[in-house]
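K.L.:
What follows is input-v3.csv, made up of CSV, N, CA and C atoms:
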```
chain,number,residue,atom,x,y,z
I,1,MET,N,-25.8,15.5,-7.3
I,1,MET,CA,-25.0,14.9,-6.2
I,1,MET,C,-24.1,13.8,-6.7
I,2,ILE,N,-22.9,13.8,-6.3
I,2,ILE,CA,-21.9,12.8,-6.6
I,2,ILE,C,-22.2,11.6,-5.8
I,3,GLN,N,-22.3,10.4,-6.4
I,3,GLN,CA,-22.5,9.2,-5.7
I,3,GLN,C,-21.3,8.8,-4.9
I,4,SER,N,-21.4,8.1,-3.8
I,4,SER,CA,-20.3,7.7,-3.0
I,4,SER,C,-19.2,7.0,-3.7
I,5,SER,N,-19.5,6.1,-4.6
I,5,SER,CA,-18.4,5.4,-5.3
I,5,SER,C,-17.7,6.3,-6.2
I,6,GLU,N,-18.3,7.3,-6.9
I,6,GLU,CA,-17.7,8.2,-7.7
I,6,GLU,C,-16.8,9.1,-6.9
I,7,ARG,N,-17.2,9.5,-5.7
I,7,ARG,CA,-16.5,10.4,-4.8
I,7,ARG,C,-15.2,9.6,-4.3
I,8,GLN,N,-15.4,8.3,-4.0
I,8,GLN,CA,-14.3,7.5,-3.5
I,8,GLN,C,-13.3,7.3,-4.6
I,9,LEU,N,-13.7,7.1,-5.8
I,9,LEU,CA,-12.8,7.0,-7.0
I,9,LEU,C,-12.0,8.3,-7.2
I,10,ALA,N,-12.7,9.4,-7.1
I,10,ALA,CA,-12.0,10.7,-7.3
I,10,ALA,C,-11.0,10.8,-6.1
I,11,GLU,N,-11.3,10.5,-4.9
I,11,GLU,CA,-10.4,10.6,-3.8
I,11,GLU,C,-9.2,9.6,-4.0
I,12,ALA,N,-9.4,8.4,-4.5
I,12,ALA,CA,-8.4,7.5,-4.7
I,12,ALA,C,-7.4,8.0,-5.8
I,13,GLN,N,-8.0,8.5,-6.8
I,13,GLN,CA,-7.1,9.1,-7.9
I,13,GLN,C,-6.3,10.3,-7.4
I,14,LEU,N,-6.9,11.1,-6.6
I,14,LEU,CA,-6.2,12.3,-6.0
I,14,LEU,C,-5.1,11.8,-5.1
I,15,LEU,N,-5.3,10.8,-4.3
I,15,LEU,CA,-4.3,10.3,-3.4
I,15,LEU,C,-3.1,9.7,-4.2
I,16,TRP,N,-3.4,8.9,-5.2
I,16,TRP,CA,-2.4,8.3,-6.0
I,16,TRP,C,-1.6,9.4,-6.7
I,17,GLY,N,-2.3,10.4,-7.3
I,17,GLY,CA,-1.7,11.5,-8.0
I,17,GLY,C,-0.8,12.4,-7.1
I,18,SER,N,-1.2,12.5,-5.9
I,18,SER,CA,-0.4,13.3,-5.0
I,18,SER,C,0.7,12.5,-4.2
I,19,SER,N,0.8,11.2,-4.4
I,19,SER,CA,1.7,10.4,-3.7
I,19,SER,C,3.1,10.6,-4.3
I,20,THR,N,4.1,10.2,-3.6
I,20,THR,CA,5.5,10.3,-4.0
I,20,THR,C,6.2,9.0,-3.9
I,21,PRO,N,7.3,8.8,-4.6
I,21,PRO,CA,8.0,7.5,-4.5
I,21,PRO,C,8.3,7.2,-3.0
I,22,ILE,N,8.3,5.9,-2.7
I,22,ILE,CA,8.4,5.5,-1.3
I,22,ILE,C,9.8,5.6,-0.7
I,23,SER,N,10.8,5.8,-1.6
I,23,SER,CA,12.2,5.9,-1.1
I,23,SER,C,12.4,7.0,-0.1
I,24,GLY,N,13.0,6.7,1.0
I,24,GLY,CA,13.4,7.7,2.0
I,24,GLY,C,12.2,8.2,2.9
I,25,THR,N,11.1,7.4,2.9
I,25,THR,CA,9.9,7.8,3.7
I,25,THR,C,9.7,6.9,4.8
I,26,LYS,N,8.8,7.2,5.7
I,26,LYS,CA,8.4,6.3,6.8
I,26,LYS,C,8.0,4.9,6.3
I,27,ALA,N,7.3,4.9,5.2
I,27,ALA,CA,6.9,3.6,4.6
I,27,ALA,C,8.0,2.7,4.2
I,28,GLU,N,9.1,3.3,3.6
I,28,GLU,CA,10.2,2.5,3.3
I,28,GLU,C,10.9,2.0,4.6
I,29,THR,N,11.1,2.9,5.5
I,29,THR,CA,11.7,2.5,6.8
I,29,THR,C,10.9,1.4,7.5
I,30,TYR,N,9.6,1.5,7.5
I,30,TYR,CA,8.7,0.4,8.0
I,30,TYR,C,9.0,-0.9,7.3
I,31,ILE,N,9.0,-0.9,6.0
I,31,ILE,CA,9.2,-2.1,5.2
I,31,ILE,C,10.6,-2.7,5.4
I,32,ARG,N,11.6,-1.8,5.4
I,32,ARG,CA,13.0,-2.3,5.7
I,32,ARG,C,13.1,-2.9,7.1
I,33,ASN,N,12.4,-2.4,8.0
I,33,ASN,CA,12.5,-2.9,9.4
I,33,ASN,C,11.8,-4.3,9.5
I,34,LEU,N,11.1,-4.7,8.5
I,34,LEU,CA,10.6,-6.1,8.4
I,34,LEU,C,11.6,-7.0,7.8
I,35,TYR,N,12.8,-6.5,7.6
I,35,TYR,CA,13.9,-7.3,7.0
I,35,TYR,C,13.7,-7.6,5.5
I,36,VAL,N,12.9,-6.7,4.9
I,36,VAL,CA,12.7,-6.9,3.4
I,36,VAL,C,13.8,-6.1,2.7
I,37,LYS,N,14.6,-6.8,1.9
I,37,LYS,CA,15.7,-6.2,1.2
I,37,LYS,C,15.4,-6.1,-0.3
I,38,VAL,N,14.4,-6.8,-0.8
I,38,VAL,CA,14.0,-6.8,-2.2
I,38,VAL,C,13.6,-5.4,-2.6
I,39,PRO,N,13.7,-5.1,-3.9
I,39,PRO,CA,13.2,-3.7,-4.3
I,39,PRO,C,11.7,-3.6,-4.0
I,40,ILE,N,11.4,-2.4,-3.6
I,40,ILE,CA,10.0,-2.1,-3.3
I,40,ILE,C,9.3,-1.7,-4.6
I,41,PRO,N,8.2,-2.3,-5.0
I,41,PRO,CA,7.6,-2.1,-6.3
I,41,PRO,C,7.0,-0.7,-6.4
I,42,ALA,N,6.9,-0.2,-7.6
I,42,ALA,CA,6.4,1.1,-7.9
I,42,ALA,C,4.9,1.2,-7.6
I,43,THR,N,4.3,0.0,-7.4
I,43,THR,CA,2.8,0.0,-7.0
I,43,THR,C,2.6,0.5,-5.6
I,44,LEU,N,3.7,0.7,-4.8
I,44,LEU,CA,3.6,1.3,-3.5
I,44,LEU,C,4.2,2.6,-3.5
I,45,ARG,N,3.5,3.6,-2.9
I,45,ARG,CA,4.0,5.0,-2.8
I,45,ARG,C,3.7,5.5,-1.5
I,46,PHE,N,4.0,6.8,-1.2
I,46,PHE,CA,3.8,7.5,0.1
I,46,PHE,C,3.0,8.7,-0.1
I,47,VAL,N,2.1,9.0,0.9
I,47,VAL,CA,1.4,10.2,0.9
I,47,VAL,C,1.5,10.8,2.4
I,48,SER,N,1.9,12.0,2.4
I,48,SER,CA,2.1,12.7,3.7
I,48,SER,C,0.8,13.4,4.1
I,49,ASN,N,0.4,13.2,5.4
I,49,ASN,CA,-0.6,14.0,6.0
I,49,ASN,C,-2.0,13.9,5.3
I,50,ILE,N,-2.5,12.7,5.3
I,50,ILE,CA,-3.9,12.5,4.7
I,50,ILE,C,-4.9,12.3,5.8
I,51,TYR,N,-6.1,12.6,5.5
I,51,TYR,CA,-7.2,12.5,6.4
I,51,TYR,C,-7.7,11.1,6.5
I,52,HIS,N,-7.9,10.6,7.8
I,52,HIS,CA,-8.4,9.3,8.1
I,52,HIS,C,-9.8,9.5,8.7
I,53,SER,N,-10.8,9.4,7.9
I,53,SER,CA,-12.1,9.8,8.4
I,53,SER,C,-12.7,9.0,9.6
I,54,PRO,N,-12.5,7.7,9.7
I,54,PRO,CA,-13.0,7.0,10.8
I,54,PRO,C,-12.5,7.5,12.2
I,55,SER,N,-11.2,7.9,12.2
I,55,SER,CA,-10.6,8.4,13.5
I,55,SER,C,-10.6,9.9,13.6
I,56,ASP,N,-11.1,10.6,12.5
I,56,ASP,CA,-11.1,12.0,12.4
I,56,ASP,C,-9.7,12.7,12.7
I,57,THR,N,-8.7,12.0,12.1
I,57,THR,CA,-7.3,12.5,12.3
I,57,THR,C,-6.6,12.5,11.0
I,58,TRP,N,-5.4,13.1,11.0
I,58,TRP,CA,-4.5,13.2,9.9
I,58,TRP,C,-3.3,12.3,10.1
I,59,SER,N,-2.8,11.7,9.1
I,59,SER,CA,-1.7,10.7,9.2
I,59,SER,C,-1.0,10.6,7.9
I,60,ASP,N,0.3,10.1,8.0
I,60,ASP,CA,1.0,9.7,6.8
I,60,ASP,C,0.6,8.3,6.4
I,61,ALA,N,0.7,7.9,5.1
I,61,ALA,CA,0.3,6.6,4.7
I,61,ALA,C,1.1,6.1,3.5
I,62,MET,N,1.1,4.7,3.5
I,62,MET,CA,1.6,4.1,2.3
I,62,MET,C,0.4,3.8,1.5
I,63,VAL,N,0.4,4.1,0.2
I,63,VAL,CA,-0.7,3.8,-0.7
I,63,VAL,C,-0.2,2.7,-1.7
I,64,GLY,N,-1.1,1.8,-2.0
I,64,GLY,CA,-0.9,0.7,-2.9
I,64,GLY,C,-1.9,0.8,-4.1
I,65,SER,N,-1.4,0.8,-5.3
I,65,SER,CA,-2.2,0.9,-6.5
I,65,SER,C,-2.9,-0.5,-6.6
I,66,ILE,N,-4.2,-0.5,-6.7
I,66,ILE,CA,-4.9,-1.8,-6.8
I,66,ILE,C,-5.1,-2.1,-8.3
I,67,HIS,N,-4.5,-3.2,-8.7
I,67,HIS,CA,-4.5,-3.6,-10.1
I,67,HIS,C,-5.9,-3.9,-10.6
I,68,ASN,N,-6.2,-3.6,-11.8
I,68,ASN,CA,-7.6,-3.8,-12.4
I,68,ASN,C,-8.6,-3.0,-11.8
I,69,SER,N,-8.2,-1.9,-11.2
I,69,SER,CA,-9.2,-0.9,-10.6
I,69,SER,C,-8.5,0.4,-10.5
I,70,LYS,N,-9.2,1.5,-10.1
I,70,LYS,CA,-8.6,2.8,-9.9
I,70,LYS,C,-8.5,3.1,-8.4
I,71,ALA,N,-8.7,2.0,-7.6
I,71,ALA,CA,-8.7,2.2,-6.1
I,71,ALA,C,-7.3,2.1,-5.6
I,72,VAL,N,-7.2,2.5,-4.3
I,72,VAL,CA,-5.9,2.4,-3.6
I,72,VAL,C,-6.1,1.8,-2.2
I,73,HIS,N,-5.1,1.2,-1.8
I,73,HIS,CA,-5.0,0.6,-0.4
I,73,HIS,C,-4.2,1.5,0.4
I,74,CYS,N,-4.6,1.9,1.6
I,74,CYS,CA,-3.9,2.8,2.5
I,74,CYS,C,-3.5,2.1,3.8
I,75,THR,N,-2.2,2.2,4.1
I,75,THR,CA,-1.7,1.7,5.4
I,75,THR,C,-1.2,3.0,6.1
I,76,TYR,N,-1.8,3.3,7.3
I,76,TYR,CA,-1.5,4.5,8.0
I,76,TYR,C,-0.4,4.3,9.0
I,77,PHE,N,0.4,5.4,9.3
I,77,PHE,CA,1.5,5.4,10.2
I,77,PHE,C,1.4,6.4,11.3
I,78,THR,N,2.0,6.0,12.4
I,78,THR,CA,2.1,7.0,13.5
I,78,THR,C,3.2,8.0,13.2
I,79,GLU,N,3.4,9.0,14.0
I,79,GLU,CA,4.5,10.0,13.8
I,79,GLU,C,5.8,9.3,13.9
I,80,GLN,N,5.9,8.2,14.6
I,80,GLN,CA,7.2,7.4,14.8
I,80,GLN,C,7.4,6.5,13.6
I,81,GLY,N,6.5,6.4,12.7
I,81,GLY,CA,6.7,5.5,11.5
I,81,GLY,C,6.3,4.1,11.7
I,82,GLU,N,5.5,3.8,12.7
I,82,GLU,CA,4.9,2.5,13.0
I,82,GLU,C,3.5,2.4,12.4
I,83,ILE,N,3.0,1.2,12.2
I,83,ILE,CA,1.6,1.0,11.8
I,83,ILE,C,0.7,1.6,12.8
I,84,ALA,N,-0.2,2.4,12.4
I,84,ALA,CA,-1.2,3.1,13.4
I,84,ALA,C,-2.3,2.1,13.7
I,85,ASP,N,-2.2,1.4,14.8
I,85,ASP,CA,-3.1,0.4,15.2
I,85,ASP,C,-4.5,1.0,15.4
I,86,ASP,N,-4.6,2.3,15.7
I,86,ASP,CA,-5.9,2.9,15.9
I,86,ASP,C,-6.5,3.4,14.6
I,87,LYS,N,-5.8,3.2,13.5
I,87,LYS,CA,-6.3,3.6,12.2
I,87,LYS,C,-6.3,2.3,11.2
I,88,PRO,N,-7.4,1.6,11.1
I,88,PRO,CA,-7.3,0.4,10.3
I,88,PRO,C,-6.9,0.7,8.9
I,89,LYS,N,-6.3,-0.2,8.2
I,89,LYS,CA,-6.0,-0.1,6.8
I,89,LYS,C,-7.3,0.1,6.1
I,90,ALA,N,-7.2,0.8,4.9
I,90,ALA,CA,-8.4,1.1,4.2
I,90,ALA,C,-8.2,0.9,2.7
I,91,ILE,N,-9.3,0.6,2.0
I,91,ILE,CA,-9.3,0.6,0.6
I,91,ILE,C,-10.3,1.8,0.2
I,92,ILE,N,-9.7,2.6,-0.6
I,92,ILE,CA,-10.5,3.8,-1.1
I,92,ILE,C,-10.8,3.6,-2.6
I,93,GLY,N,-12.1,3.5,-2.9
I,93,GLY,CA,-12.6,3.2,-4.2
I,93,GLY,C,-13.0,1.7,-4.3
I,94,GLU,N,-13.6,1.4,-5.4
I,94,GLU,CA,-14.1,0.0,-5.6
I,94,GLU,C,-12.9,-0.9,-6.2
I,95,CYS,N,-12.7,-2.0,-5.6
I,95,CYS,CA,-11.6,-2.9,-6.0
I,95,CYS,C,-12.0,-4.3,-6.3
I,96,LEU,N,-13.2,-4.5,-6.7
I,96,LEU,CA,-13.7,-5.9,-7.0
I,96,LEU,C,-12.7,-6.6,-7.8
I,97,GLY,N,-12.2,-7.7,-7.3
I,97,GLY,CA,-11.2,-8.5,-8.0
I,97,GLY,C,-9.9,-8.0,-8.1
I,98,GLY,N,-9.6,-6.8,-7.5
I,98,GLY,CA,-8.3,-6.2,-7.6
I,98,GLY,C,-7.3,-6.7,-6.6
I,99,TYR,N,-6.1,-6.3,-6.8
I,99,TYR,CA,-5.0,-6.7,-5.9
I,99,TYR,C,-3.8,-5.7,-6.1
I,100,VAL,N,-3.0,-5.6,-5.1
I,100,VAL,CA,-1.8,-4.8,-5.2
I,100,VAL,C,-0.6,-5.8,-5.6
I,101,LYS,N,-0.1,-5.5,-6.8
I,101,LYS,CA,0.9,-6.4,-7.4
I,101,LYS,C,2.3,-6.0,-6.8
I,102,LEU,N,2.9,-7.0,-6.2
I,102,LEU,CA,4.2,-6.7,-5.5
I,102,LEU,C,5.4,-7.2,-6.3
I,103,THR,N,5.2,-8.0,-7.4
I,103,THR,CA,6.4,-8.5,-8.2
I,103,THR,C,5.9,-8.8,-9.6
I,104,ASN,N,6.9,-8.8,-10.5
I,104,ASN,CA,6.6,-9.2,-11.9
I,104,ASN,C,7.2,-10.6,-12.1
I,105,GLY,N,7.5,-11.3,-11.1
I,105,GLY,CA,8.1,-12.6,-11.2
I,105,GLY,C,7.3,-13.6,-12.0
I,106,THR,N,8.0,-14.6,-12.4
I,106,THR,CA,7.3,-15.7,-13.2
I,106,THR,C,7.1,-17.0,-12.4
I,107,GLY,N,7.5,-16.9,-11.1
I,107,GLY,CA,7.4,-18.1,-10.3
I,107,GLY,C,6.0,-18.2,-9.7
I,108,ALA,N,6.0,-18.8,-8.5
I,108,ALA,CA,4.7,-19.2,-7.9
I,108,ALA,C,3.9,-17.9,-7.6
I,109,LEU,N,2.6,-18.0,-7.7
I,109,LEU,CA,1.6,-16.9,-7.4
I,109,LEU,C,1.4,-17.0,-5.9
I,110,VAL,N,1.6,-15.9,-5.2
I,110,VAL,CA,1.4,-15.9,-3.7
I,110,VAL,C,0.3,-14.9,-3.4
I,111,ILE,N,-0.7,-15.3,-2.7
I,111,ILE,CA,-1.8,-14.4,-2.3
I,111,ILE,C,-1.6,-14.2,-0.8
I,112,SER,N,-1.6,-12.9,-0.4
I,112,SER,CA,-1.3,-12.5,1.0
I,112,SER,C,-2.4,-11.8,1.6
I,113,VAL,N,-2.5,-11.8,2.9
I,113,VAL,CA,-3.5,-11.1,3.7
I,113,VAL,C,-3.2,-9.6,3.8
I,114,SER,N,-2.0,-9.2,3.6
I,114,SER,CA,-1.6,-7.8,3.7
I,114,SER,C,-0.4,-7.5,2.8
I,115,ILE,N,-0.2,-6.3,2.5
I,115,ILE,CA,1.0,-5.8,1.7
I,115,ILE,C,2.3,-6.2,2.5
I,116,ASP,N,2.3,-5.9,3.8
I,116,ASP,CA,3.6,-6.2,4.5
I,116,ASP,C,3.9,-7.7,4.6
I,117,ALA,N,2.8,-8.5,4.8
I,117,ALA,CA,3.1,-9.9,4.8
I,117,ALA,C,3.5,-10.4,3.4
I,118,GLY,N,2.9,-9.8,2.4
I,118,GLY,CA,3.3,-10.2,1.0
I,118,GLY,C,4.7,-9.9,0.7
I,119,LEU,N,5.2,-8.7,1.2
I,119,LEU,CA,6.6,-8.3,1.0
I,119,LEU,C,7.6,-9.2,1.8
I,120,VAL,N,7.2,-9.6,3.0
I,120,VAL,CA,8.0,-10.6,3.7
I,120,VAL,C,8.1,-11.9,3.0
I,121,ALA,N,6.9,-12.4,2.5
I,121,ALA,CA,6.9,-13.6,1.8
I,121,ALA,C,7.8,-13.5,0.5
I,122,PHE,N,7.7,-12.4,-0.2
I,122,PHE,CA,8.5,-12.2,-1.4
I,122,PHE,C,10.0,-12.2,-1.1
I,123,GLU,N,10.3,-11.6,0.0
I,123,GLU,CA,11.7,-11.6,0.5
I,123,GLU,C,12.2,-13.0,0.7
I,124,TRP,N,11.4,-13.8,1.4
I,124,TRP,CA,11.8,-15.2,1.7
I,124,TRP,C,11.9,-16.0,0.4
I,125,LEU,N,10.9,-15.9,-0.5
I,125,LEU,CA,10.9,-16.6,-1.7
I,125,LEU,C,12.0,-16.2,-2.6
I,126,SER,N,12.4,-14.9,-2.6
I,126,SER,CA,13.5,-14.5,-3.5
I,126,SER,C,14.8,-15.1,-3.1
I,127,GLU,N,14.9,-15.5,-1.9
I,127,GLU,CA,16.1,-16.2,-1.4
I,127,GLU,C,16.1,-17.7,-1.8
I,128,HIS,N,14.9,-18.2,-2.1
I,128,HIS,CA,14.8,-19.7,-2.3
I,128,HIS,C,14.3,-20.0,-3.7
I,129,ASP,N,13.8,-19.1,-4.5
I,129,ASP,CA,13.3,-19.3,-5.8
I,129,ASP,C,13.7,-18.2,-6.8
I,130,PRO,N,14.7,-18.4,-7.6
I,130,PRO,CA,15.2,-17.4,-8.5
I,130,PRO,C,14.2,-16.8,-9.5
I,131,GLU,N,13.1,-17.5,-9.7
I,131,GLU,CA,12.1,-17.0,-10.6
I,131,GLU,C,11.1,-16.1,-10.0
I,132,VAL,N,11.2,-15.8,-8.7
I,132,VAL,CA,10.2,-14.9,-8.1
I,132,VAL,C,10.4,-13.5,-8.5
```
Please go through the file and, once you have read it, give me the structure as structure tokens.
P.N.:
Amino acid sequence: MIQSSERQLAEAQLLWGSSTPISGTKAETYIRNLYVKVPIPATLRFVSNIYHSPSDTWSDAMVGSIHNSKAVHCTYFTEQGEIADDKPKAIIGECLGGYVKLTNGTGALVISVSIDAGLVAFEWLSEHDPEV
């Protein structure tokens, strides 16, 4: 029997492996609608039509590669491309001490509560700190 953590790790790797670049997807549209103009990092990608087990439904999602682990962070979308409030964001796999890296800047370290909030902060900082 495969243990839960091994199964989640395999699921996370499968999601990342089946993901596509974020350009031209609902995820990019969502991010750009937050007035984020900075380049979207390669650590964020898009997966179409994945299963969300808590709600027993299928949905598109933005997946974030979690640094220092093989886990992924999932943000689920409605058909209209908005955040699916009925589908909480999820981390698939173990991510102890991990994070989704949004920039390679040398400026201030910013820790954010969410990927979208981090991107908004990155946008603001990029206008005020050239080292970000």
K.L.:
Calculate how many Å separate atom C of Trp124 of chain I from atom CA of Trp16 of chain I, rounding to one decimal.
P.N.:
28.9 Å
K.L.:
Among chain I, which residues does DSSP mark as helix (DSSP H, G or I) when it is run on the backbone? Keep the chain and numbering as in the structure and answer as JSON, numbers by chain.
P.N.:
{"I": [4, 5, 6, 7, 8, 9, 10, 11, 12, 13, 14, 15, 16, 17, 18, 26, 27, 28, 29, 30, 31, 32, 115, 116, 117, 118, 119, 120, 121, 122, 123, 124, 125, 126, 127, 128]}
K.L.:
Here is a test: counting all atoms listed in the file, which residue of I:Glu123, I:Asp129, I:Glu94, I:Glu6 is nearest to Lys70 of chain I?
P.N.:
I:Glu94
K.L.:
Mind listing the strand (DSSP E or B) residues of segment 18-107 of chain I, per DSSP on the backbone, as a PDB file with N, CA and C atoms, in the frame of the given file?
P.N.:
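Produced file result_11.pdb, reproduced below:
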```
ATOM      1  N   THR I  20       4.100  10.200  -3.600  1.00  0.00           N
ATOM      2  CA  THR I  20       5.500  10.300  -4.000  1.00  0.00           C
ATOM      3  C   THR I  20       6.200   9.000  -3.900  1.00  0.00           C
ATOM      4  N   PRO I  21       7.300   8.800  -4.600  1.00  0.00           N
ATOM      5  CA  PRO I  21       8.000   7.500  -4.500  1.00  0.00           C
ATOM      6  C   PRO I  21       8.300   7.200  -3.000  1.00  0.00           C
ATOM      7  N   LEU I  44       3.700   0.700  -4.800  1.00  0.00           N
ATOM      8  CA  LEU I  44       3.600   1.300  -3.500  1.00  0.00           C
ATOM      9  C   LEU I  44       4.200   2.600  -3.500  1.00  0.00           C
ATOM     10  N   ARG I  45       3.500   3.600  -2.900  1.00  0.00           N
ATOM     11  CA  ARG I  45       4.000   5.000  -2.800  1.00  0.00           C
ATOM     12  C   ARG I  45       3.700   5.500  -1.500  1.00  0.00           C
ATOM     13  N   PHE I  46       4.000   6.800  -1.200  1.00  0.00           N
ATOM     14  CA  PHE I  46       3.800   7.500   0.100  1.00  0.00           C
ATOM     15  C   PHE I  46       3.000   8.700  -0.100  1.00  0.00           C
ATOM     16  N   VAL I  47       2.100   9.000   0.900  1.00  0.00           N
ATOM     17  CA  VAL I  47       1.400  10.200   0.900  1.00  0.00           C
ATOM     18  C   VAL I  47       1.500  10.800   2.400  1.00  0.00           C
ATOM     19  N   SER I  48       1.900  12.000   2.400  1.00  0.00           N
ATOM     20  CA  SER I  48       2.100  12.700   3.700  1.00  0.00           C
ATOM     21  C   SER I  48       0.800  13.400   4.100  1.00  0.00           C
ATOM     22  N   ASN I  49       0.400  13.200   5.400  1.00  0.00           N
ATOM     23  CA  ASN I  49      -0.600  14.000   6.000  1.00  0.00           C
ATOM     24  C   ASN I  49      -2.000  13.900   5.300  1.00  0.00           C
ATOM     25  N   ILE I  50      -2.500  12.700   5.300  1.00  0.00           N
ATOM     26  CA  ILE I  50      -3.900  12.500   4.700  1.00  0.00           C
ATOM     27  C   ILE I  50      -4.900  12.300   5.800  1.00  0.00           C
ATOM     28  N   TYR I  51      -6.100  12.600   5.500  1.00  0.00           N
ATOM     29  CA  TYR I  51      -7.200  12.500   6.400  1.00  0.00           C
ATOM     30  C   TYR I  51      -7.700  11.100   6.500  1.00  0.00           C
ATOM     31  N   HIS I  52      -7.900  10.600   7.800  1.00  0.00           N
ATOM     32  CA  HIS I  52      -8.400   9.300   8.100  1.00  0.00           C
ATOM     33  C   HIS I  52      -9.800   9.500   8.700  1.00  0.00           C
ATOM     34  N   THR I  57      -8.700  12.000  12.100  1.00  0.00           N
ATOM     35  CA  THR I  57      -7.300  12.500  12.300  1.00  0.00           C
ATOM     36  C   THR I  57      -6.600  12.500  11.000  1.00  0.00           C
ATOM     37  N   TRP I  58      -5.400  13.100  11.000  1.00  0.00           N
ATOM     38  CA  TRP I  58      -4.500  13.200   9.900  1.00  0.00           C
ATOM     39  C   TRP I  58      -3.300  12.300  10.100  1.00  0.00           C
ATOM     40  N   SER I  59      -2.800  11.700   9.100  1.00  0.00           N
ATOM     41  CA  SER I  59      -1.700  10.700   9.200  1.00  0.00           C
ATOM     42  C   SER I  59      -1.000  10.600   7.900  1.00  0.00           C
ATOM     43  N   ASP I  60       0.300  10.100   8.000  1.00  0.00           N
ATOM     44  CA  ASP I  60       1.000   9.700   6.800  1.00  0.00           C
ATOM     45  C   ASP I  60       0.600   8.300   6.400  1.00  0.00           C
ATOM     46  N   ALA I  61       0.700   7.900   5.100  1.00  0.00           N
ATOM     47  CA  ALA I  61       0.300   6.600   4.700  1.00  0.00           C
ATOM     48  C   ALA I  61       1.100   6.100   3.500  1.00  0.00           C
ATOM     49  N   MET I  62       1.100   4.700   3.500  1.00  0.00           N
ATOM     50  CA  MET I  62       1.600   4.100   2.300  1.00  0.00           C
ATOM     51  C   MET I  62       0.400   3.800   1.500  1.00  0.00           C
ATOM     52  N   VAL I  63       0.400   4.100   0.200  1.00  0.00           N
ATOM     53  CA  VAL I  63      -0.700   3.800  -0.700  1.00  0.00           C
ATOM     54  C   VAL I  63      -0.200   2.700  -1.700  1.00  0.00           C
ATOM     55  N   GLY I  64      -1.100   1.800  -2.000  1.00  0.00           N
ATOM     56  CA  GLY I  64      -0.900   0.700  -2.900  1.00  0.00           C
ATOM     57  C   GLY I  64      -1.900   0.800  -4.100  1.00  0.00           C
ATOM     58  N   SER I  65      -1.400   0.800  -5.300  1.00  0.00           N
ATOM     59  CA  SER I  65      -2.200   0.900  -6.500  1.00  0.00           C
ATOM     60  C   SER I  65      -2.900  -0.500  -6.600  1.00  0.00           C
ATOM     61  N   HIS I  67      -4.500  -3.200  -8.700  1.00  0.00           N
ATOM     62  CA  HIS I  67      -4.500  -3.600 -10.100  1.00  0.00           C
ATOM     63  C   HIS I  67      -5.900  -3.900 -10.600  1.00  0.00           C
ATOM     64  N   VAL I  72      -7.200   2.500  -4.300  1.00  0.00           N
ATOM     65  CA  VAL I  72      -5.900   2.400  -3.600  1.00  0.00           C
ATOM     66  C   VAL I  72      -6.100   1.800  -2.200  1.00  0.00           C
ATOM     67  N   HIS I  73      -5.100   1.200  -1.800  1.00  0.00           N
ATOM     68  CA  HIS I  73      -5.000   0.600  -0.400  1.00  0.00           C
ATOM     69  C   HIS I  73      -4.200   1.500   0.400  1.00  0.00           C
ATOM     70  N   CYS I  74      -4.600   1.900   1.600  1.00  0.00           N
ATOM     71  CA  CYS I  74      -3.900   2.800   2.500  1.00  0.00           C
ATOM     72  C   CYS I  74      -3.500   2.100   3.800  1.00  0.00           C
ATOM     73  N   THR I  75      -2.200   2.200   4.100  1.00  0.00           N
ATOM     74  CA  THR I  75      -1.700   1.700   5.400  1.00  0.00           C
ATOM     75  C   THR I  75      -1.200   3.000   6.100  1.00  0.00           C
ATOM     76  N   TYR I  76      -1.800   3.300   7.300  1.00  0.00           N
ATOM     77  CA  TYR I  76      -1.500   4.500   8.000  1.00  0.00           C
ATOM     78  C   TYR I  76      -0.400   4.300   9.000  1.00  0.00           C
ATOM     79  N   PHE I  77       0.400   5.400   9.300  1.00  0.00           N
ATOM     80  CA  PHE I  77       1.500   5.400  10.200  1.00  0.00           C
ATOM     81  C   PHE I  77       1.400   6.400  11.300  1.00  0.00           C
ATOM     82  N   ILE I  83       3.000   1.200  12.200  1.00  0.00           N
ATOM     83  CA  ILE I  83       1.600   1.000  11.800  1.00  0.00           C
ATOM     84  C   ILE I  83       0.700   1.600  12.800  1.00  0.00           C
ATOM     85  N   ALA I  90      -7.200   0.800   4.900  1.00  0.00           N
ATOM     86  CA  ALA I  90      -8.400   1.100   4.200  1.00  0.00           C
ATOM     87  C   ALA I  90      -8.200   0.900   2.700  1.00  0.00           C
ATOM     88  N   ILE I  91      -9.300   0.600   2.000  1.00  0.00           N
ATOM     89  CA  ILE I  91      -9.300   0.600   0.600  1.00  0.00           C
ATOM     90  C   ILE I  91     -10.300   1.800   0.200  1.00  0.00           C
ATOM     91  N   ILE I  92      -9.700   2.600  -0.600  1.00  0.00           N
ATOM     92  CA  ILE I  92     -10.500   3.800  -1.100  1.00  0.00           C
ATOM     93  C   ILE I  92     -10.800   3.600  -2.600  1.00  0.00           C
ATOM     94  N   TYR I  99      -6.100  -6.300  -6.800  1.00  0.00           N
ATOM     95  CA  TYR I  99      -5.000  -6.700  -5.900  1.00  0.00           C
ATOM     96  C   TYR I  99      -3.800  -5.700  -6.100  1.00  0.00           C
TER      97      TYR I  99
END
```
K.L.:
Rank I:Leu96, I:Ala121, I:Leu44, I:Leu102 by their smallest atom-to-atom distance to Cys74 of chain I, using only C-alpha atoms, and report the top residue only.
P.N.:
I:Leu44
K.L.:
List as a Markdown table every residue of segment 80-132 of chain I that is in contact with segment 48-57 of chain I, defined as an atom at most 12 Å from one of its atoms (using only C-alpha atoms), together with the nearest atom pair and the distance in Å rounded to one decimal, sorted by chain and then rising number.
P.N.:
```
| residue | atom | partner | partner_atom | distance |
| --- | --- | --- | --- | --- |
| I:Gly81 | CA | I:Ser48 | CA | 11.6 |
| I:Ala84 | CA | I:Ser55 | CA | 10.8 |
| I:Asp85 | CA | I:Ser55 | CA | 11.1 |
| I:Asp86 | CA | I:Ser55 | CA | 7.6 |
| I:Lys87 | CA | I:Ser55 | CA | 6.6 |
| I:Pro88 | CA | I:Pro54 | CA | 8.7 |
| I:Lys89 | CA | I:His52 | CA | 9.8 |
| I:Ala90 | CA | I:His52 | CA | 9.1 |
| I:Ile91 | CA | I:His52 | CA | 11.5 |
| I:Ile92 | CA | I:His52 | CA | 10.9 |
```
